[in-house]
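The next block is protein.csv, given as CSV, C-alpha atoms.
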chain,number,residue,atom,x,y,z
A,1,MET,CA,0.0,0.0,0.0
A,2,SER,CA,1.3,3.5,-0.9
A,3,GLY,CA,2.2,6.0,1.8
A,4,GLU,CA,-0.8,8.2,0.9
A,5,LEU,CA,-3.5,5.7,1.7
A,6,GLU,CA,-4.2,4.3,5.1
A,7,LEU,CA,-6.9,1.6,5.6
A,8,PHE,CA,-7.7,0.5,9.1
A,9,GLU,CA,-10.0,-2.3,7.9
A,10,ARG,CA,-10.6,-4.3,4.6
A,11,PRO,CA,-14.2,-5.5,4.7
A,12,GLU,CA,-15.3,-8.1,2.2
A,13,ALA,CA,-18.6,-8.6,0.4
A,14,GLU,CA,-20.1,-10.6,-2.5
A,15,GLU,CA,-20.1,-7.4,-4.5
A,16,MET,CA,-18.5,-4.1,-3.6
A,17,TYR,CA,-19.4,-0.7,-5.0
A,18,MET,CA,-18.3,2.8,-4.2
A,19,ILE,CA,-19.9,6.3,-4.1
A,20,ALA,CA,-17.5,9.2,-4.2
A,21,GLY,CA,-17.9,13.0,-3.6
A,22,TRP,CA,-15.7,15.9,-2.9
A,23,ARG,CA,-15.9,19.4,-1.4
A,24,GLN,CA,-15.2,20.9,-4.8
A,25,TRP,CA,-16.3,23.6,-7.3
A,26,ALA,CA,-18.9,21.3,-9.0
A,27,ASP,CA,-20.9,20.9,-5.7
A,28,ALA,CA,-24.1,22.8,-6.4
A,29,GLY,CA,-26.9,21.7,-4.1
A,30,GLY,CA,-24.4,19.8,-2.0
A,31,VAL,CA,-24.7,16.9,-4.4
A,32,SER,CA,-21.0,16.1,-4.2
A,33,SER,CA,-20.2,16.8,-0.5
A,34,ALA,CA,-23.4,16.9,1.6
A,35,LEU,CA,-25.0,13.8,0.0
A,36,PRO,CA,-22.1,11.4,0.9
A,37,GLN,CA,-22.1,12.8,4.4
A,38,TYR,CA,-25.9,12.3,4.6
A,39,LEU,CA,-25.4,8.6,3.5
A,40,VAL,CA,-22.7,8.2,6.2
A,41,ASP,CA,-24.9,9.6,8.9
A,42,THR,CA,-28.2,7.8,7.9
A,43,LEU,CA,-26.7,4.5,7.2
A,44,GLY,CA,-24.4,4.5,10.2
A,45,ALA,CA,-21.4,3.8,7.9
A,46,ARG,CA,-18.1,3.4,9.8
A,47,LYS,CA,-14.8,5.0,8.9
A,48,ILE,CA,-12.3,2.5,7.6
A,49,GLY,CA,-9.5,4.7,6.3
A,50,HIS,CA,-8.3,7.9,4.7
A,51,ILE,CA,-6.0,9.5,2.2
A,52,LYS,CA,-3.3,11.5,4.1
A,53,PRO,CA,-3.4,15.3,3.1
A,54,ASP,CA,0.4,15.6,2.8
A,55,GLY,CA,1.4,17.2,-0.5
A,56,PHE,CA,-2.1,17.8,-2.0
A,57,TYR,CA,-3.0,21.2,-0.6
A,58,ILE,CA,-1.9,24.8,-0.7
A,59,PHE,CA,-1.5,26.6,2.6
A,60,GLN,CA,-1.9,30.1,1.2
A,61,THR,CA,-1.5,32.2,-1.9
A,62,PRO,CA,-0.5,35.9,-2.1
A,63,VAL,CA,-4.0,36.7,-3.4
A,64,SER,CA,-6.0,34.7,-0.9
A,65,GLN,CA,-4.1,34.2,2.3
A,66,PHE,CA,-6.9,32.7,4.3
A,67,PHE,CA,-9.0,30.7,1.9
A,68,PHE,CA,-6.7,27.6,1.9
A,69,ARG,CA,-5.5,27.7,5.5
A,70,PRO,CA,-6.7,25.1,8.1
A,71,ARG,CA,-9.3,26.3,10.5
A,72,PHE,CA,-8.4,26.3,14.2
A,73,LYS,CA,-10.3,27.1,17.3
A,74,PHE,CA,-8.5,28.3,20.5
A,75,GLN,CA,-9.7,28.6,24.1
A,76,ASP,CA,-7.4,30.4,26.5
A,77,GLY,CA,-4.6,29.8,24.1
A,78,TYR,CA,-5.1,26.1,23.7
A,79,ARG,CA,-6.1,24.6,20.4
A,80,VAL,CA,-9.4,22.7,21.0
A,81,GLU,CA,-10.4,22.2,17.3
A,82,ALA,CA,-8.4,21.7,14.2
A,83,GLU,CA,-10.0,21.4,10.8
A,84,GLY,CA,-8.0,20.8,7.7
A,85,PRO,CA,-8.4,18.9,4.4
A,86,ARG,CA,-10.0,15.4,4.9
A,87,ASN,CA,-10.3,12.5,2.5
A,88,ASP,CA,-12.2,9.8,4.5
A,89,VAL,CA,-13.3,6.3,3.5
A,90,TYR,CA,-16.5,4.8,5.1
A,91,TYR,CA,-18.1,1.4,4.7
A,92,TRP,CA,-21.7,0.0,5.0
A,93,SER,CA,-23.1,-3.3,3.9
A,94,ASN,CA,-26.7,-4.7,3.5
A,95,GLY,CA,-25.4,-8.2,4.2
A,96,LYS,CA,-24.6,-9.1,0.6
A,97,THR,CA,-23.5,-5.9,-1.1
A,98,GLY,CA,-20.8,-3.6,0.3
A,99,LEU,CA,-20.8,0.1,-0.2
A,100,VAL,CA,-17.7,2.2,0.2
A,101,ILE,CA,-18.5,5.9,0.7
A,102,PHE,CA,-15.6,8.4,0.0
A,103,LEU,CA,-15.8,12.0,0.9
A,104,GLY,CA,-12.8,14.2,0.3
A,105,ASP,CA,-11.5,17.7,-0.4
A,106,GLU,CA,-10.6,18.4,-4.1
A,107,PRO,CA,-6.8,18.4,-4.3
A,108,GLN,CA,-4.9,21.5,-5.5
A,109,LEU,CA,-1.5,19.8,-6.1
A,110,ASN,CA,-0.1,16.4,-7.3
A,111,ILE,CA,-3.4,15.3,-8.9
A,112,GLU,CA,-1.9,12.2,-10.4
A,113,LYS,CA,-0.6,10.9,-7.1
A,114,TYR,CA,-3.9,11.7,-5.4
A,115,ALA,CA,-5.8,9.8,-8.1
A,116,ALA,CA,-3.5,6.8,-7.7
A,117,ALA,CA,-4.3,6.8,-3.9
A,118,PHE,CA,-8.0,7.2,-4.6
A,119,PHE,CA,-8.2,4.2,-6.9
A,120,GLU,CA,-5.9,2.2,-4.6
A,121,ILE,CA,-9.0,2.2,-2.3
A,122,ALA,CA,-11.1,0.6,-5.1
A,123,GLN,CA,-8.3,-1.9,-5.8
A,124,ALA,CA,-7.7,-2.9,-2.2
A,125,LEU,CA,-11.4,-3.4,-1.4
A,126,LYS,CA,-12.2,-5.1,-4.8
A,127,VAL,CA,-14.7,-2.4,-5.8
A,128,LYS,CA,-16.6,-3.4,-8.9
A,129,ARG,CA,-17.7,0.1,-10.0
A,130,VAL,CA,-17.2,3.7,-8.7
A,131,ALA,CA,-20.0,6.3,-9.0
A,132,ALA,CA,-19.1,10.0,-8.4
A,133,THR,CA,-21.7,12.6,-7.8
A,134,GLY,CA,-21.7,16.4,-8.4
A,135,GLY,CA,-23.9,19.3,-9.1
A,136,VAL,CA,-23.9,22.5,-11.3
A,137,TYR,CA,-26.3,25.4,-11.1
A,138,ALA,CA,-28.7,25.9,-14.0
A,139,ILE,CA,-32.0,27.6,-14.8
A,140,VAL,CA,-34.2,24.6,-14.4
A,141,PRO,CA,-37.5,24.1,-12.7
A,142,HIS,CA,-37.4,23.1,-9.0
A,143,GLU,CA,-40.7,21.1,-9.2
A,144,LYS,CA,-39.4,18.6,-11.8
A,145,GLU,CA,-37.1,15.7,-11.6
A,146,ARG,CA,-33.5,16.8,-12.0
A,147,ALA,CA,-31.6,16.4,-15.2
A,148,PHE,CA,-28.2,14.7,-15.2
A,149,THR,CA,-25.2,14.9,-17.4
A,150,CYS,CA,-22.9,11.9,-17.3
A,151,SER,CA,-19.3,11.0,-18.2
A,152,TYR,CA,-17.7,7.5,-18.0
A,153,SER,CA,-14.3,5.8,-18.0
A,154,HIS,CA,-14.9,3.0,-20.5
A,155,PRO,CA,-16.9,3.1,-23.8
A,156,HIS,CA,-18.9,-0.1,-22.9
A,157,LEU,CA,-20.5,1.7,-20.0
A,158,LYS,CA,-22.5,4.1,-22.2
A,159,ALA,CA,-25.2,1.5,-23.2
A,160,GLU,CA,-26.0,0.7,-19.6
A,161,LEU,CA,-25.9,4.3,-18.4
A,162,SER,CA,-28.2,5.4,-21.2
A,163,GLU,CA,-31.0,3.4,-19.4
A,164,TYR,CA,-30.7,5.8,-16.4
A,165,ALA,CA,-32.3,8.8,-18.1
A,166,VAL,CA,-29.1,10.8,-18.4
A,167,SER,CA,-27.5,12.9,-21.1
A,168,PHE,CA,-23.8,12.5,-22.0
A,169,SER,CA,-21.4,15.3,-21.6
A,170,ASN,CA,-19.9,17.1,-24.6
A,171,TYR,CA,-18.1,19.6,-22.4
A,172,GLU,CA,-14.6,20.8,-23.4
A,173,GLY,CA,-12.4,22.7,-21.0
A,174,GLY,CA,-11.0,22.6,-17.5
A,175,VAL,CA,-12.6,19.9,-15.3
A,176,SER,CA,-13.2,19.3,-11.6
A,177,ILE,CA,-12.0,16.3,-9.8
A,178,GLY,CA,-15.1,14.1,-10.5
A,179,SER,CA,-14.6,14.4,-14.2
A,180,TYR,CA,-10.8,14.2,-14.1
A,181,MET,CA,-11.0,10.7,-12.5
A,182,ASN,CA,-12.4,9.2,-15.7
A,183,ASP,CA,-8.9,9.3,-17.3
A,184,PRO,CA,-6.9,7.4,-14.6
A,185,ALA,CA,-9.8,5.0,-14.1
A,186,GLU,CA,-9.6,3.9,-17.7
A,187,LYS,CA,-5.9,3.5,-17.5
A,188,LEU,CA,-6.3,1.3,-14.4
A,189,GLY,CA,-9.1,-0.7,-15.9
A,190,ILE,CA,-11.6,0.5,-13.2
A,191,GLU,CA,-15.2,1.1,-14.1
A,192,TYR,CA,-16.0,4.7,-13.1
A,193,PHE,CA,-18.7,7.3,-14.0
A,194,SER,CA,-19.8,10.7,-12.8
A,195,MET,CA,-23.3,12.0,-12.6
A,196,TYR,CA,-23.8,15.8,-12.4
A,197,ALA,CA,-27.2,17.1,-11.4
A,198,PHE,CA,-28.5,20.4,-12.7
A,199,VAL,CA,-29.5,22.3,-9.6
A,200,PRO,CA,-32.1,25.1,-9.8
A,201,VAL,CA,-31.1,28.7,-9.6
A,202,TYR,CA,-33.5,31.6,-10.5
A,203,ASP,CA,-32.0,34.9,-11.6
A,204,PHE,CA,-34.4,37.8,-11.1
A,205,SER,CA,-31.9,40.6,-11.5
A,206,GLN,CA,-33.1,41.5,-15.0
A,207,MET,CA,-36.6,42.2,-13.6
A,208,ASN,CA,-35.5,44.2,-10.6
A,209,GLN,CA,-32.0,45.1,-9.2
A,210,ARG,CA,-33.4,44.7,-5.7
A,211,ALA,CA,-34.5,41.2,-6.3
A,212,GLN,CA,-32.4,38.4,-4.8
A,213,ASN,CA,-31.8,35.2,-6.7
A,214,ILE,CA,-33.2,32.0,-5.5
A,215,SER,CA,-30.8,29.0,-5.4
A,216,VAL,CA,-31.0,25.6,-3.7
A,217,GLU,CA,-28.2,25.1,-1.2
A,218,GLU,CA,-29.0,21.5,-0.4
A,219,ASP,CA,-30.9,20.0,-3.3
A,220,HIS,CA,-32.7,17.0,-1.7
A,221,ARG,CA,-34.6,16.5,-4.9
A,222,ALA,CA,-31.2,16.0,-6.7
A,223,TRP,CA,-30.0,13.7,-3.9
A,224,LEU,CA,-33.1,11.6,-4.2
A,225,ASP,CA,-32.9,11.4,-8.0
A,226,VAL,CA,-29.2,10.4,-8.1
A,227,MET,CA,-29.6,7.9,-5.3
A,228,ARG,CA,-32.6,6.2,-7.0
A,229,ARG,CA,-30.3,5.6,-9.9
A,230,ILE,CA,-27.3,4.4,-7.9
A,231,ASP,CA,-29.5,2.3,-5.6
A,232,HIS,CA,-31.0,0.5,-8.6
A,233,MET,CA,-27.6,0.0,-10.3
A,234,PHE,CA,-25.8,-1.2,-7.3
A,235,LYS,CA,-28.8,-3.2,-5.9
A,236,LEU,CA,-28.4,-1.7,-2.5
A,237,GLY,CA,-32.0,-1.8,-1.4
A,238,LEU,CA,-31.8,1.6,0.4
A,239,ASP,CA,-34.9,3.1,2.1
A,240,LEU,CA,-35.1,6.5,0.3
A,241,SER,CA,-38.4,7.6,2.0
A,242,ASP,CA,-36.6,10.2,4.1
A,243,LEU,CA,-35.0,11.8,1.0
A,244,SER,CA,-38.4,11.7,-0.7
A,245,GLN,CA,-39.9,13.6,2.2
A,246,LYS,CA,-37.1,16.1,2.2
A,247,ALA,CA,-37.5,16.6,-1.6
A,248,SER,CA,-41.2,17.4,-1.1
A,249,GLU,CA,-40.4,19.9,1.7
A,250,LEU,CA,-37.9,21.5,-0.6
A,251,THR,CA,-40.5,22.1,-3.3
A,252,GLU,CA,-42.8,23.7,-0.7
A,253,THR,CA,-40.0,25.9,0.6
A,254,VAL,CA,-39.0,27.2,-2.9
A,255,ASN,CA,-42.7,27.8,-3.7
A,256,ALA,CA,-43.0,29.9,-0.6
A,257,GLN,CA,-39.9,31.9,-1.5
A,258,ILE,CA,-41.4,32.5,-5.0
A,259,ASP,CA,-44.7,33.6,-3.5
A,260,GLU,CA,-43.0,36.0,-1.1
A,261,LEU,CA,-40.8,37.5,-3.9
A,262,SER,CA,-43.9,37.9,-6.1
A,263,LYS,CA,-45.6,39.9,-3.4
A,264,GLN,CA,-42.5,42.0,-2.8
A,265,LEU,CA,-42.1,42.7,-6.5
A,266,SER,CA,-45.7,43.1,-7.5
A,267,ASP,CA,-44.9,44.8,-10.7
A,268,ALA,CA,-42.4,42.1,-11.9
A,269,PRO,CA,-43.5,38.9,-13.7
A,270,VAL,CA,-41.9,36.5,-11.2
A,271,LYS,CA,-44.3,33.7,-11.6
A,272,GLU,CA,-44.5,34.1,-15.3
A,273,TYR,CA,-40.7,33.7,-15.4
A,274,ILE,CA,-41.0,30.4,-13.4
A,275,ALA,CA,-43.8,29.2,-15.6
A,276,LYS,CA,-41.7,29.9,-18.8
A,277,ILE,CA,-38.8,27.9,-17.4
A,278,THR,CA,-41.0,25.0,-16.5
A,279,ALA,CA,-42.8,25.0,-19.9
A,280,GLY,CA,-39.5,24.9,-21.7
A,281,PHE,CA,-38.0,22.0,-19.7
A,282,GLU,CA,-38.1,18.4,-21.0
A,283,GLU,CA,-38.4,16.2,-18.0
A,284,ARG,CA,-36.6,12.8,-18.3
A,285,PRO,CA,-37.9,10.8,-15.3
A,286,PHE,CA,-36.0,7.6,-14.3
A,287,THR,CA,-38.2,4.5,-13.9
A,288,ALA,CA,-36.5,1.5,-12.5
A,289,LEU,CA,-38.5,-1.1,-14.5
A,290,GLY,CA,-35.7,-2.6,-16.6
A,291,ASP,CA,-34.9,-5.5,-14.3
A,292,VAL,CA,-38.6,-6.1,-13.6
A,293,TRP,CA,-39.4,-6.5,-17.3
A,294,LYS,CA,-36.3,-8.6,-17.9
A,295,ASP,CA,-37.2,-11.0,-15.0
A,296,ALA,CA,-40.8,-11.2,-16.2
A,297,LEU,CA,-39.8,-12.0,-19.8
A,298,GLY,CA,-37.4,-14.6,-18.5
A,299,ASP,CA,-40.0,-16.3,-16.5
A,300,LEU,CA,-42.4,-16.2,-19.5
A,301,PHE,CA,-39.9,-17.8,-21.8
A,302,ASN,CA,-38.9,-20.4,-19.1
A,303,GLU,CA,-42.6,-21.4,-18.8
Serialized structure, structure tokens:
Amino acid sequence: MSGELELFERPEAEEMYMIAGWRQWADAGGVSSALPQYLVDTLGARKIGHIKPDGFYIFQTPVSQFFFRPRFKFQDGYRVEAEGPRNDVYYWSNGKTGLVIFLGDEPQLNIEKYAAAFFEIAQALKVKRVAATGGVYAIVPHEKERAFTCSYSHPHLKAELSEYAVSFSNYEGGVSIGSYMNDPAEKLGIEYFSMYAFVPVYDFSQMNQRAQNISVEEDHRAWLDVMRRIDHMFKLGLDLSDLSQKASELTETVNAQIDELSKQLSDAPVKEYIAKITAGFEERPFTALGDVWKDALGDLFNE
């Protein structure tokens, strides 16, 4: 094992999968960072290792001296809290399938070495496939199922992923950690894909300079929609009722914000703006019926 990775435990399961997220730029709606932490908390996943932070992070720059620095809390001169970059590995099992949950800080240096340490987790624990989650803000309706763009490490994954109501990225330019990992994954022969949710943000500035935009900080609807896909693919059998409830509450909260803004800006077409976005949006709901129909057809032919 390399010096960057430390595993305290190496659990085994009939099939092992991995969900990965980072505190990174492409983290709209907390889909990349808050969702993995939610899974750790609700599943009671235990920590089994971490990637050491040495050599992957900048302490400061001349332009931003405090943004990169570790956060400390002192009481009477004594350090009682210390918070720096973390890259933690957690584990949960349903008895048959094992789920590795990785939550880290996007590295700023030595990306190749960091990627090697990350995929060493997958190799050491015999992970069959890695799913990375992320989010980007977009002008999309908050009441509809989220749209997803997807990238993958191996061409053969496209046919299977196309069954999960996603579009495939044609982006060209600088990438965040979740997209970067496609390259080393292919070189190492590891199945890896990333799903980025489009998280709602509404820009009202053109209507009225006093109007504040509405954005979703923790997009439980996106969390639910991505986990429905991953749960089905990995056959985890997760109870997603809590996320479903949170998604419904989110819709009500945003509706209330829109109503309040519409009252404050009575002369601005706030609700017409929302209605236009909704009307122009093509919803692609994911329905997990593929395996059901395959099993039914198999039974029919067997009979």
Item to complete: Name all residues at most 9 Å from Ser2 (chain A) (count all atoms listed in the file; drop same-chain ones fewer than 2 positions away) and give them as a PyMOL selection string.
Response: chain A and resi 4-6+116-117+120
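Picture a line from CA of Thr251 (chain A) to CA of Pro141 (chain A); it runs 10.1 Å.
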Discussion item. Show me, as a PyMOL selection string, the residues that have an atom within 12 Å of Gly178 (chain A) when counting all atoms listed in the file, minus same-chain residues fewer than 5 positions from it.
Written reply: chain A and resi 19-27+31-33+102-107+111+115+118+130-135+150-153+183-185+192-196
Would you output that residue set with C-alpha atoms, as a tab-separated table (two decimals), in the coordinates of the input?
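New file again-v3.tsv:
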chain	number	residue	atom	x	y	z
A	19	ILE	CA	-19.90	6.30	-4.10
A	20	ALA	CA	-17.50	9.20	-4.20
A	21	GLY	CA	-17.90	13.00	-3.60
A	22	TRP	CA	-15.70	15.90	-2.90
A	23	ARG	CA	-15.90	19.40	-1.40
A	24	GLN	CA	-15.20	20.90	-4.80
A	25	TRP	CA	-16.30	23.60	-7.30
A	26	ALA	CA	-18.90	21.30	-9.00
A	27	ASP	CA	-20.90	20.90	-5.70
A	31	VAL	CA	-24.70	16.90	-4.40
A	32	SER	CA	-21.00	16.10	-4.20
A	33	SER	CA	-20.20	16.80	-0.50
A	102	PHE	CA	-15.60	8.40	0.00
A	103	LEU	CA	-15.80	12.00	0.90
A	104	GLY	CA	-12.80	14.20	0.30
A	105	ASP	CA	-11.50	17.70	-0.40
A	106	GLU	CA	-10.60	18.40	-4.10
A	107	PRO	CA	-6.80	18.40	-4.30
A	111	ILE	CA	-3.40	15.30	-8.90
A	115	ALA	CA	-5.80	9.80	-8.10
A	118	PHE	CA	-8.00	7.20	-4.60
A	130	VAL	CA	-17.20	3.70	-8.70
A	131	ALA	CA	-20.00	6.30	-9.00
A	132	ALA	CA	-19.10	10.00	-8.40
A	133	THR	CA	-21.70	12.60	-7.80
A	134	GLY	CA	-21.70	16.40	-8.40
A	135	GLY	CA	-23.90	19.30	-9.10
A	150	CYS	CA	-22.90	11.90	-17.30
A	151	SER	CA	-19.30	11.00	-18.20
A	152	TYR	CA	-17.70	7.50	-18.00
A	153	SER	CA	-14.30	5.80	-18.00
A	183	ASP	CA	-8.90	9.30	-17.30
A	184	PRO	CA	-6.90	7.40	-14.60
A	185	ALA	CA	-9.80	5.00	-14.10
A	192	TYR	CA	-16.00	4.70	-13.10
A	193	PHE	CA	-18.70	7.30	-14.00
A	194	SER	CA	-19.80	10.70	-12.80
A	195	MET	CA	-23.30	12.00	-12.60
A	196	TYR	CA	-23.80	15.80	-12.40
Practice prompt. Extract, using all atoms listed in the file, all DNA, RNA and protein residues at most 10 Å from region 43-54 of chain A, discarding same-chain residues fewer than 2 positions from it, and format them as a ChimeraX atom specification.
Written response: /A:2-11,37-41,56-57,84-94,99-105,107,114,117-118,120-121,238-239
Leaving out Ala279 (chain A) and any residue of its chain fewer than 5 positions from it, which residues lie within 12 Å of it when counting only C-alpha atoms, given as a CSV table (one decimal) with C-alpha atoms, in the frame of the given file?
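Once everything was written out, this is selection.csv:
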chain,number,residue,atom,x,y,z
A,140,VAL,CA,-34.2,24.6,-14.4
A,141,PRO,CA,-37.5,24.1,-12.7
A,143,GLU,CA,-40.7,21.1,-9.2
A,144,LYS,CA,-39.4,18.6,-11.8
A,272,GLU,CA,-44.5,34.1,-15.3
A,273,TYR,CA,-40.7,33.7,-15.4
A,274,ILE,CA,-41.0,30.4,-13.4
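From CA of Thr149 (chain A) back to CA of Ile214 (chain A), the distance works out to 22.3 Å.
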Export C-alpha atoms of region 176-253 of chain A from the structure just given, as a PDB file, in the first residue's frame?
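Result saved to out_27.pdb:
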ATOM      1  CA  SER A 176     -13.178  19.340 -11.615  1.00  0.00           C
ATOM      2  CA  ILE A 177     -11.967  16.257  -9.759  1.00  0.00           C
ATOM      3  CA  GLY A 178     -15.058  14.149 -10.476  1.00  0.00           C
ATOM      4  CA  SER A 179     -14.621  14.427 -14.228  1.00  0.00           C
ATOM      5  CA  TYR A 180     -10.827  14.178 -14.133  1.00  0.00           C
ATOM      6  CA  MET A 181     -10.999  10.744 -12.525  1.00  0.00           C
ATOM      7  CA  ASN A 182     -12.364   9.215 -15.737  1.00  0.00           C
ATOM      8  CA  ASP A 183      -8.872   9.254 -17.258  1.00  0.00           C
ATOM      9  CA  PRO A 184      -6.858   7.395 -14.570  1.00  0.00           C
ATOM     10  CA  ALA A 185      -9.799   5.014 -14.054  1.00  0.00           C
ATOM     11  CA  GLU A 186      -9.632   3.867 -17.663  1.00  0.00           C
ATOM     12  CA  LYS A 187      -5.869   3.452 -17.500  1.00  0.00           C
ATOM     13  CA  LEU A 188      -6.260   1.294 -14.384  1.00  0.00           C
ATOM     14  CA  GLY A 189      -9.119  -0.736 -15.851  1.00  0.00           C
ATOM     15  CA  ILE A 190     -11.625   0.474 -13.215  1.00  0.00           C
ATOM     16  CA  GLU A 191     -15.248   1.150 -14.103  1.00  0.00           C
ATOM     17  CA  TYR A 192     -16.008   4.733 -13.111  1.00  0.00           C
ATOM     18  CA  PHE A 193     -18.689   7.254 -13.991  1.00  0.00           C
ATOM     19  CA  SER A 194     -19.782  10.662 -12.754  1.00  0.00           C
ATOM     20  CA  MET A 195     -23.323  12.027 -12.608  1.00  0.00           C
ATOM     21  CA  TYR A 196     -23.779  15.788 -12.364  1.00  0.00           C
ATOM     22  CA  ALA A 197     -27.220  17.086 -11.437  1.00  0.00           C
ATOM     23  CA  PHE A 198     -28.519  20.399 -12.748  1.00  0.00           C
ATOM     24  CA  VAL A 199     -29.518  22.265  -9.584  1.00  0.00           C
ATOM     25  CA  PRO A 200     -32.131  25.053  -9.796  1.00  0.00           C
ATOM     26  CA  VAL A 201     -31.145  28.698  -9.601  1.00  0.00           C
ATOM     27  CA  TYR A 202     -33.451  31.573 -10.547  1.00  0.00           C
ATOM     28  CA  ASP A 203     -32.000  34.916 -11.644  1.00  0.00           C
ATOM     29  CA  PHE A 204     -34.424  37.796 -11.112  1.00  0.00           C
ATOM     30  CA  SER A 205     -31.866  40.596 -11.476  1.00  0.00           C
ATOM     31  CA  GLN A 206     -33.070  41.541 -14.960  1.00  0.00           C
ATOM     32  CA  MET A 207     -36.555  42.180 -13.566  1.00  0.00           C
ATOM     33  CA  ASN A 208     -35.491  44.244 -10.588  1.00  0.00           C
ATOM     34  CA  GLN A 209     -32.043  45.078  -9.244  1.00  0.00           C
ATOM     35  CA  ARG A 210     -33.395  44.736  -5.694  1.00  0.00           C
ATOM     36  CA  ALA A 211     -34.474  41.154  -6.288  1.00  0.00           C
ATOM     37  CA  GLN A 212     -32.374  38.412  -4.780  1.00  0.00           C
ATOM     38  CA  ASN A 213     -31.776  35.245  -6.723  1.00  0.00           C
ATOM     39  CA  ILE A 214     -33.228  31.988  -5.466  1.00  0.00           C
ATOM     40  CA  SER A 215     -30.842  29.037  -5.365  1.00  0.00           C
ATOM     41  CA  VAL A 216     -31.036  25.626  -3.714  1.00  0.00           C
ATOM     42  CA  GLU A 217     -28.193  25.131  -1.235  1.00  0.00           C
ATOM     43  CA  GLU A 218     -28.998  21.510  -0.382  1.00  0.00           C
ATOM     44  CA  ASP A 219     -30.936  20.014  -3.261  1.00  0.00           C
ATOM     45  CA  HIS A 220     -32.675  17.033  -1.699  1.00  0.00           C
ATOM     46  CA  ARG A 221     -34.556  16.472  -4.950  1.00  0.00           C
ATOM     47  CA  ALA A 222     -31.220  15.972  -6.737  1.00  0.00           C
ATOM     48  CA  TRP A 223     -29.992  13.748  -3.905  1.00  0.00           C
ATOM     49  CA  LEU A 224     -33.106  11.602  -4.235  1.00  0.00           C
ATOM     50  CA  ASP A 225     -32.918  11.366  -8.010  1.00  0.00           C
ATOM     51  CA  VAL A 226     -29.249  10.411  -8.122  1.00  0.00           C
ATOM     52  CA  MET A 227     -29.642   7.893  -5.295  1.00  0.00           C
ATOM     53  CA  ARG A 228     -32.604   6.240  -7.028  1.00  0.00           C
ATOM     54  CA  ARG A 229     -30.305   5.590  -9.946  1.00  0.00           C
ATOM     55  CA  ILE A 230     -27.325   4.426  -7.920  1.00  0.00           C
ATOM     56  CA  ASP A 231     -29.470   2.318  -5.581  1.00  0.00           C
ATOM     57  CA  HIS A 232     -30.956   0.521  -8.573  1.00  0.00           C
ATOM     58  CA  MET A 233     -27.631   0.039 -10.342  1.00  0.00           C
ATOM     59  CA  PHE A 234     -25.791  -1.221  -7.262  1.00  0.00           C
ATOM     60  CA  LYS A 235     -28.797  -3.196  -5.915  1.00  0.00           C
ATOM     61  CA  LEU A 236     -28.393  -1.672  -2.458  1.00  0.00           C
ATOM     62  CA  GLY A 237     -32.034  -1.809  -1.367  1.00  0.00           C
ATOM     63  CA  LEU A 238     -31.849   1.561   0.412  1.00  0.00           C
ATOM     64  CA  ASP A 239     -34.855   3.146   2.092  1.00  0.00           C
ATOM     65  CA  LEU A 240     -35.143   6.509   0.330  1.00  0.00           C
ATOM     66  CA  SER A 241     -38.388   7.611   2.012  1.00  0.00           C
ATOM     67  CA  ASP A 242     -36.598  10.228   4.127  1.00  0.00           C
ATOM     68  CA  LEU A 243     -35.045  11.786   1.033  1.00  0.00           C
ATOM     69  CA  SER A 244     -38.421  11.692  -0.693  1.00  0.00           C
ATOM     70  CA  GLN A 245     -39.942  13.621   2.195  1.00  0.00           C
ATOM     71  CA  LYS A 246     -37.093  16.133   2.171  1.00  0.00           C
ATOM     72  CA  ALA A 247     -37.546  16.595  -1.582  1.00  0.00           C
ATOM     73  CA  SER A 248     -41.244  17.398  -1.103  1.00  0.00           C
ATOM     74  CA  GLU A 249     -40.423  19.863   1.680  1.00  0.00           C
ATOM     75  CA  LEU A 250     -37.852  21.534  -0.565  1.00  0.00           C
ATOM     76  CA  THR A 251     -40.470  22.087  -3.269  1.00  0.00           C
ATOM     77  CA  GLU A 252     -42.787  23.688  -0.715  1.00  0.00           C
ATOM     78  CA  THR A 253     -39.983  25.911   0.586  1.00  0.00           C
TER      79      THR A 253
END
